[in-house]
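File shown here: coords.txt, holding compact mmCIF, C-alpha atoms and all ligand atoms.
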# COMPACT_ATOMS: atom_id res chain seq x y z
CA MET A 1 6.19 27.82 -13.17
CA GLY A 2 9.88 28.15 -12.29
CA SER A 3 12.67 25.62 -11.82
CA LYS A 4 15.75 25.88 -9.65
CA ARG A 5 17.87 24.38 -12.49
CA SER A 6 19.37 26.29 -15.40
CA PRO A 7 19.13 24.97 -18.99
CA THR A 8 22.80 23.96 -18.75
CA ASP A 9 22.17 21.99 -15.57
CA PHE A 10 19.21 20.39 -17.27
CA LEU A 11 21.32 19.11 -20.15
CA THR A 12 23.99 17.88 -17.78
CA LEU A 13 21.41 16.03 -15.73
CA THR A 14 19.89 14.51 -18.82
CA LEU A 15 23.24 13.11 -19.87
CA ALA A 16 24.48 12.21 -16.43
CA PHE A 17 21.44 10.27 -15.34
CA CYS A 18 20.37 8.95 -18.70
CA ALA A 19 18.75 5.57 -18.30
CA ALA A 20 17.97 4.04 -21.61
CA ALA A 21 15.99 0.97 -22.40
CA VAL A 22 16.61 -0.60 -25.74
CA LEU A 23 13.51 -2.47 -26.57
CA PRO A 24 11.73 -4.71 -27.81
CA ARG A 25 10.32 -6.14 -24.67
CA ALA A 26 11.45 -9.68 -25.38
CA ARG A 27 15.01 -8.36 -25.47
CA ALA A 28 15.31 -5.07 -23.63
CA THR A 29 18.35 -3.60 -21.95
CA LEU A 30 18.50 -0.98 -19.22
CA PHE A 31 21.56 1.26 -19.21
CA THR A 32 22.25 3.68 -16.37
CA ASP A 33 25.40 5.06 -17.97
CA PRO A 34 25.03 6.69 -21.42
CA SER A 35 28.57 5.64 -22.35
CA ALA A 36 27.45 2.00 -22.15
CA LEU A 37 25.04 2.46 -25.07
CA PRO A 38 26.06 0.47 -28.15
CA SER A 39 27.76 2.85 -30.57
CA HIS A 40 26.61 3.14 -34.18
CA LYS A 41 23.26 1.54 -33.40
CA ALA A 42 20.30 2.99 -35.27
CA TYR A 43 16.82 3.26 -33.76
CA ASP A 44 13.47 3.49 -35.46
CA TYR A 45 12.19 5.73 -32.66
CA ILE A 46 13.79 7.71 -29.84
CA ILE A 47 11.40 8.59 -27.04
CA VAL A 48 12.34 11.19 -24.44
CA GLY A 49 10.90 10.62 -20.97
CA ALA A 50 10.27 7.24 -19.34
CA GLY A 51 7.11 8.18 -17.48
CA PRO A 52 3.94 6.22 -18.25
CA SER A 53 3.34 7.98 -21.60
CA GLY A 54 6.83 7.29 -22.97
CA SER A 55 6.96 3.78 -21.51
CA VAL A 56 3.57 2.74 -22.88
CA LEU A 57 4.46 4.18 -26.27
CA ALA A 58 7.77 2.26 -26.28
CA SER A 59 6.01 -0.91 -25.22
CA ARG A 60 3.35 -0.65 -27.91
CA LEU A 61 5.86 0.21 -30.66
CA THR A 62 8.01 -2.79 -29.79
CA GLU A 63 5.11 -5.20 -30.04
CA ASN A 64 6.53 -5.34 -33.55
CA ALA A 65 9.74 -7.28 -32.89
CA HIS A 66 11.45 -5.57 -35.83
CA THR A 67 11.10 -2.10 -34.29
CA ASP A 68 14.03 -0.73 -32.26
CA VAL A 69 13.21 1.94 -29.71
CA LEU A 70 15.50 3.99 -27.49
CA LEU A 71 13.72 5.31 -24.41
CA ILE A 72 15.67 8.02 -22.57
CA GLU A 73 15.04 9.14 -18.99
CA ALA A 74 16.69 12.13 -17.28
CA GLY A 75 16.31 10.74 -13.76
CA PRO A 76 17.93 7.76 -12.04
CA ASN A 77 16.83 4.13 -11.93
CA ASP A 78 13.88 3.41 -9.61
CA ALA A 79 14.86 -0.19 -8.86
CA GLY A 80 15.43 -1.03 -5.20
CA GLN A 81 14.35 2.39 -3.91
CA PHE A 82 12.25 1.58 -0.86
CA SER A 83 10.46 4.94 -0.72
CA LEU A 84 9.37 4.55 -4.35
CA GLU A 85 8.06 1.04 -3.89
CA VAL A 86 5.78 1.62 -0.89
CA PRO A 87 2.66 3.44 -2.13
CA LEU A 88 1.89 5.93 0.64
CA LEU A 89 5.49 6.97 1.16
CA ALA A 90 4.95 9.27 -1.84
CA SER A 91 4.38 12.16 0.55
CA GLN A 92 8.08 11.90 1.47
CA LEU A 93 9.24 12.05 -2.14
CA GLN A 94 8.52 15.69 -2.90
CA PRO A 95 9.11 18.55 -2.87
CA ASN A 96 12.88 19.08 -3.01
CA MET A 97 13.81 15.44 -3.07
CA ALA A 98 16.13 13.39 -5.26
CA PHE A 99 13.40 11.98 -7.52
CA ASP A 100 11.56 15.27 -8.12
CA TRP A 101 12.26 18.04 -10.65
CA ASN A 102 11.76 20.48 -7.76
CA TYR A 103 9.57 22.86 -9.66
CA THR A 104 7.63 25.61 -7.94
CA THR A 105 4.84 27.74 -9.38
CA VAL A 106 5.23 31.45 -9.99
CA ALA A 107 3.75 33.62 -7.22
CA GLN A 108 -0.01 33.08 -7.07
CA SER A 109 -2.08 36.24 -6.62
CA GLY A 110 -4.95 34.12 -5.28
CA LEU A 111 -2.61 32.74 -2.60
CA ASN A 112 -1.40 36.05 -1.25
CA GLY A 113 1.63 35.99 -3.55
CA ARG A 114 2.91 32.63 -2.34
CA THR A 115 4.61 30.11 -4.59
CA ILE A 116 3.78 26.45 -4.10
CA PRO A 117 5.63 23.22 -4.96
CA TYR A 118 4.71 21.60 -8.28
CA PRO A 119 5.93 18.00 -7.98
CA ARG A 120 6.98 16.17 -11.17
CA GLY A 121 8.84 12.84 -11.09
CA ARG A 122 12.43 12.79 -12.35
CA VAL A 123 13.13 9.07 -12.21
CA LEU A 124 12.46 5.97 -14.25
CA GLY A 125 8.65 5.73 -14.21
CA GLY A 126 8.21 9.50 -14.01
CA GLY A 127 5.24 10.60 -11.91
CA THR A 128 4.11 7.02 -11.39
CA SER A 129 7.23 6.40 -9.31
CA ILE A 130 6.44 9.23 -6.90
CA ASN A 131 2.66 9.18 -6.99
CA PHE A 132 0.18 7.69 -4.52
CA MET A 133 -0.87 4.78 -6.76
CA ILE A 134 -4.53 5.72 -6.30
CA TYR A 135 -6.68 4.31 -9.09
CA THR A 136 -10.18 5.50 -9.85
CA ARG A 137 -12.20 5.39 -13.02
CA GLY A 138 -14.88 7.65 -14.47
CA SER A 139 -18.45 6.39 -14.61
CA LYS A 140 -20.16 4.93 -17.69
CA ASP A 141 -22.12 8.17 -18.02
CA ASP A 142 -18.92 10.24 -18.12
CA PHE A 143 -17.51 8.34 -21.06
CA ASP A 144 -20.81 8.11 -22.93
CA ASN A 145 -21.09 11.89 -22.53
CA TYR A 146 -17.60 12.34 -24.00
CA ALA A 147 -18.70 10.20 -26.97
CA ALA A 148 -21.88 12.23 -27.43
CA LEU A 149 -20.04 15.57 -27.13
CA THR A 150 -17.25 14.64 -29.55
CA GLY A 151 -19.36 12.54 -31.90
CA ASP A 152 -16.65 9.89 -31.54
CA GLU A 153 -17.83 6.46 -30.37
CA GLY A 154 -14.22 5.66 -29.47
CA TRP A 155 -14.75 7.63 -26.23
CA SER A 156 -17.81 5.58 -25.21
CA TRP A 157 -17.82 3.24 -22.23
CA ASN A 158 -18.25 0.16 -24.40
CA ALA A 159 -15.30 1.13 -26.59
CA LEU A 160 -12.98 1.88 -23.65
CA GLN A 161 -13.95 -0.86 -21.21
CA PRO A 162 -11.59 -3.49 -22.74
CA TYR A 163 -8.67 -1.09 -22.13
CA PHE A 164 -9.74 -0.44 -18.52
CA LYS A 165 -9.65 -4.21 -18.01
CA LYS A 166 -6.26 -4.40 -19.71
CA VAL A 167 -4.60 -1.86 -17.39
CA ARG A 168 -5.85 -3.72 -14.31
CA VAL A 169 -3.52 -6.63 -15.06
CA VAL A 170 -0.34 -6.41 -13.01
CA GLN A 171 2.75 -7.26 -15.05
CA HIS A 172 5.63 -8.14 -12.75
CA SER A 173 9.12 -7.11 -13.75
CA PRO A 174 11.21 -9.95 -15.10
CA ALA A 175 13.37 -11.54 -12.37
CA SER A 176 16.52 -10.48 -14.17
CA TYR A 177 15.54 -6.80 -14.21
CA THR A 178 18.80 -5.25 -13.16
CA THR A 179 21.10 -2.63 -14.55
CA ASN A 180 22.40 -3.65 -17.96
CA ALA A 181 20.42 -6.90 -17.86
CA VAL A 182 18.98 -8.21 -21.08
CA TYR A 183 15.53 -9.76 -20.68
C1 LIG B 1 2.83 13.82 -6.35
C2 LIG B 1 1.95 13.17 -7.40
C3 LIG B 1 0.94 12.31 -7.00
C4 LIG B 1 0.13 11.70 -7.95
N1 LIG B 1 -0.79 10.76 -7.54
C5 LIG B 1 -1.47 10.03 -8.47
C6 LIG B 1 -2.28 8.92 -8.09
O1 LIG B 1 -2.37 8.56 -6.92
N2 LIG B 1 -2.96 8.26 -9.07
C7 LIG B 1 -2.82 8.58 -10.40
O2 LIG B 1 -3.44 7.91 -11.25
N3 LIG B 1 -2.04 9.61 -10.80
C8 LIG B 1 -1.35 10.33 -9.87
N4 LIG B 1 -0.51 11.34 -10.28
C9 LIG B 1 -0.46 11.69 -11.70
C10 LIG B 1 0.38 10.74 -12.57
O3 LIG B 1 1.55 10.34 -11.88
C11 LIG B 1 0.71 11.51 -13.87
O4 LIG B 1 -0.51 11.82 -14.52
C12 LIG B 1 1.56 10.70 -14.82
O5 LIG B 1 2.79 10.31 -14.20
C13 LIG B 1 1.88 11.53 -16.08
O6 LIG B 1 2.61 10.72 -16.96
P1 LIG B 1 3.48 11.31 -18.14
O7 LIG B 1 4.21 10.17 -18.76
O8 LIG B 1 2.62 12.14 -19.01
O9 LIG B 1 4.52 12.33 -17.47
P2 LIG B 1 5.57 12.05 -16.30
O10 LIG B 1 5.13 10.96 -15.39
O11 LIG B 1 5.85 13.40 -15.72
O12 LIG B 1 6.86 11.50 -17.08
C14 LIG B 1 7.72 12.32 -17.82
C15 LIG B 1 9.15 11.74 -17.71
O13 LIG B 1 9.98 12.43 -18.64
C16 LIG B 1 11.23 12.70 -18.02
N5 LIG B 1 11.82 13.83 -18.74
C17 LIG B 1 11.37 15.10 -18.81
N6 LIG B 1 12.19 15.83 -19.57
C18 LIG B 1 13.18 15.00 -20.00
C19 LIG B 1 14.35 15.18 -20.82
N7 LIG B 1 14.64 16.35 -21.39
N8 LIG B 1 15.15 14.12 -21.05
C20 LIG B 1 14.86 12.91 -20.49
N9 LIG B 1 13.77 12.68 -19.71
C21 LIG B 1 12.95 13.72 -19.48
C22 LIG B 1 10.86 13.00 -16.59
O14 LIG B 1 11.97 12.87 -15.72
C23 LIG B 1 9.78 11.96 -16.32
O15 LIG B 1 10.32 10.74 -15.85
C24 LIG B 1 0.31 11.98 -9.35
C25 LIG B 1 1.32 12.87 -9.75
C26 LIG B 1 2.14 13.45 -8.79
C27 LIG B 1 3.26 14.37 -9.25
Represent the supplied structure as structure tokens.
Amino acid sequence: MGSKRSPTDFLTLTLAFCAAAVLPRARATLFTDPSALPSHKAYDYIIVGAGPSGSVLASRLTENAHTDVLLIEAGPNDAGQFSLEVPLLASQLQPNMAFDWNYTTVAQSGLNGRTIPYPRGRVLGGGTSINFMIYTRGSKDDFDNYAALTGDEGWSWNALQPYFKKVRVVQHSPASYTTNAVY
């Protein structure tokens, strides 16, 4: 896979478009300018990448109100971006668009030497901001098979079902969710 950006560009982008959320959730702040970050503040955890993985991790860690987390994102803020908010407009968001890393694959021998776009979100929310918001879930059999194969009941349908129910709950952003807002 190749990128059109050099490592130096990458670092510059990371600093230039750093959006950092200082959690915990009850009192989180979104910064879109790294220079606005409080100086001399210490964090228990620094997480790089505010896609779903980084965001969920930050959210879970800050369920303990005494844990300070800095979540850093290379891309810009997603708030108020019409094309990010309407689900099926995702097809207009990549490749070679402002919220995409603009990766392409190396030449594929199985595709007559062609390279193809490899979209990855570069924006607050990561891939979830540029994806199609399609949700589907494996069947009970799938998960029970994982449990049987791994010998780990944690993969079984009954063990996972409470979490499937949990992710179905829509959590609206707080009304005051704006740049540099504390909520
Ligand atoms: C076009 C497209 C359509 C999709 N459609 C669907 C769908 O309909 N349904 C579905 O369930 N899934 C879909 N997916 C998949 C889903 O979006 C991904 O599985 C998910 O976003 C992966 O989450 P992640 O946190 O692991 O990584 P990502 O979402 O890629 O998040 C990583 C984040 O880290 C940031 N980052 C990377 N490097 C740095 C750095 N050095 N410094 C700071 N920040 C950095 C990135 O900018 C990005 O925001 C789609 C994905 C794409 C690309």
Edge lengths and centre in Å to one decimal, as JSON, of the axis-aligned box that encloses all listed atoms of ligand LIG 1 (chain B) with 5 Å added on every side?
{"center_x": 5.9, "center_y": 12.1, "center_z": -13.9, "size_x": 28.6, "size_y": 18.4, "size_z": 25.0}
Kindly work out which residues sit at most 9 Å from ligand LIG 1 (chain B), using all atoms listed in the file, and give the list as a compact mmCIF listing (two decimals) with C-alpha atoms, in the frame of the given file.
# COMPACT_ATOMS: atom_id res chain seq x y z
CA PHE A 10 19.21 20.39 -17.27
CA LEU A 11 21.32 19.11 -20.15
CA LEU A 13 21.41 16.03 -15.73
CA THR A 14 19.89 14.51 -18.82
CA LEU A 15 23.24 13.11 -19.87
CA PHE A 17 21.44 10.27 -15.34
CA CYS A 18 20.37 8.95 -18.70
CA ALA A 19 18.75 5.57 -18.30
CA ILE A 47 11.40 8.59 -27.04
CA VAL A 48 12.34 11.19 -24.44
CA GLY A 49 10.90 10.62 -20.97
CA ALA A 50 10.27 7.24 -19.34
CA GLY A 51 7.11 8.18 -17.48
CA PRO A 52 3.94 6.22 -18.25
CA SER A 53 3.34 7.98 -21.60
CA GLY A 54 6.83 7.29 -22.97
CA SER A 55 6.96 3.78 -21.51
CA VAL A 56 3.57 2.74 -22.88
CA LEU A 71 13.72 5.31 -24.41
CA ILE A 72 15.67 8.02 -22.57
CA GLU A 73 15.04 9.14 -18.99
CA ALA A 74 16.69 12.13 -17.28
CA GLY A 75 16.31 10.74 -13.76
CA PRO A 76 17.93 7.76 -12.04
CA PRO A 87 2.66 3.44 -2.13
CA ALA A 90 4.95 9.27 -1.84
CA SER A 91 4.38 12.16 0.55
CA LEU A 93 9.24 12.05 -2.14
CA GLN A 94 8.52 15.69 -2.90
CA PRO A 95 9.11 18.55 -2.87
CA PHE A 99 13.40 11.98 -7.52
CA ASP A 100 11.56 15.27 -8.12
CA TRP A 101 12.26 18.04 -10.65
CA TYR A 118 4.71 21.60 -8.28
CA PRO A 119 5.93 18.00 -7.98
CA ARG A 120 6.98 16.17 -11.17
CA GLY A 121 8.84 12.84 -11.09
CA ARG A 122 12.43 12.79 -12.35
CA VAL A 123 13.13 9.07 -12.21
CA LEU A 124 12.46 5.97 -14.25
CA GLY A 125 8.65 5.73 -14.21
CA GLY A 126 8.21 9.50 -14.01
CA GLY A 127 5.24 10.60 -11.91
CA THR A 128 4.11 7.02 -11.39
CA SER A 129 7.23 6.40 -9.31
CA ILE A 130 6.44 9.23 -6.90
CA ASN A 131 2.66 9.18 -6.99
CA PHE A 132 0.18 7.69 -4.52
CA MET A 133 -0.87 4.78 -6.76
CA ILE A 134 -4.53 5.72 -6.30
CA TYR A 135 -6.68 4.31 -9.09
CA THR A 136 -10.18 5.50 -9.85
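The coordinates place CA of Leu30 (chain A) at 17.6 Å from CA of Asp44 (chain A).
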Q: Can you work out the spacing between CA of Asp68 (chain A) and CA of Arg27 (chain A) in Å, to one decimal?
A: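 We find that CA of Asp68 (chain A) and CA of Arg27 (chain A) lie 10.3 Å from each other.
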Q: Kindly give the distance, in Å, that separates CA of Gly138 (chain A) and CA of Phe164 (chain A), rounded to a single decimal.
A: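 Value for the CA of Gly138 (chain A)-CA of Phe164 (chain A) distance: 10.4 Å.
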Q.
I want to know what sits within 7 Å of region 139-144 of chain A, based on only C-alpha atoms, with residues of the same chain fewer than 3 positions away left out; could you give that as a PyMOL selection string?
A. chain A and resi 147-148+155-157
With C-alpha atoms retained, export the selected residues as a short mmCIF file (atom, residue, chain, number, x, y, z; two decimals), in the coordinates of the input.
data_model
loop_
_atom_site.label_atom_id
_atom_site.label_comp_id
_atom_site.auth_asym_id
_atom_site.auth_seq_id
_atom_site.Cartn_x
_atom_site.Cartn_y
_atom_site.Cartn_z
CA ALA A 147 -18.70 10.20 -26.97
CA ALA A 148 -21.88 12.23 -27.43
CA TRP A 155 -14.75 7.63 -26.23
CA SER A 156 -17.81 5.58 -25.21
CA TRP A 157 -17.82 3.24 -22.23
#
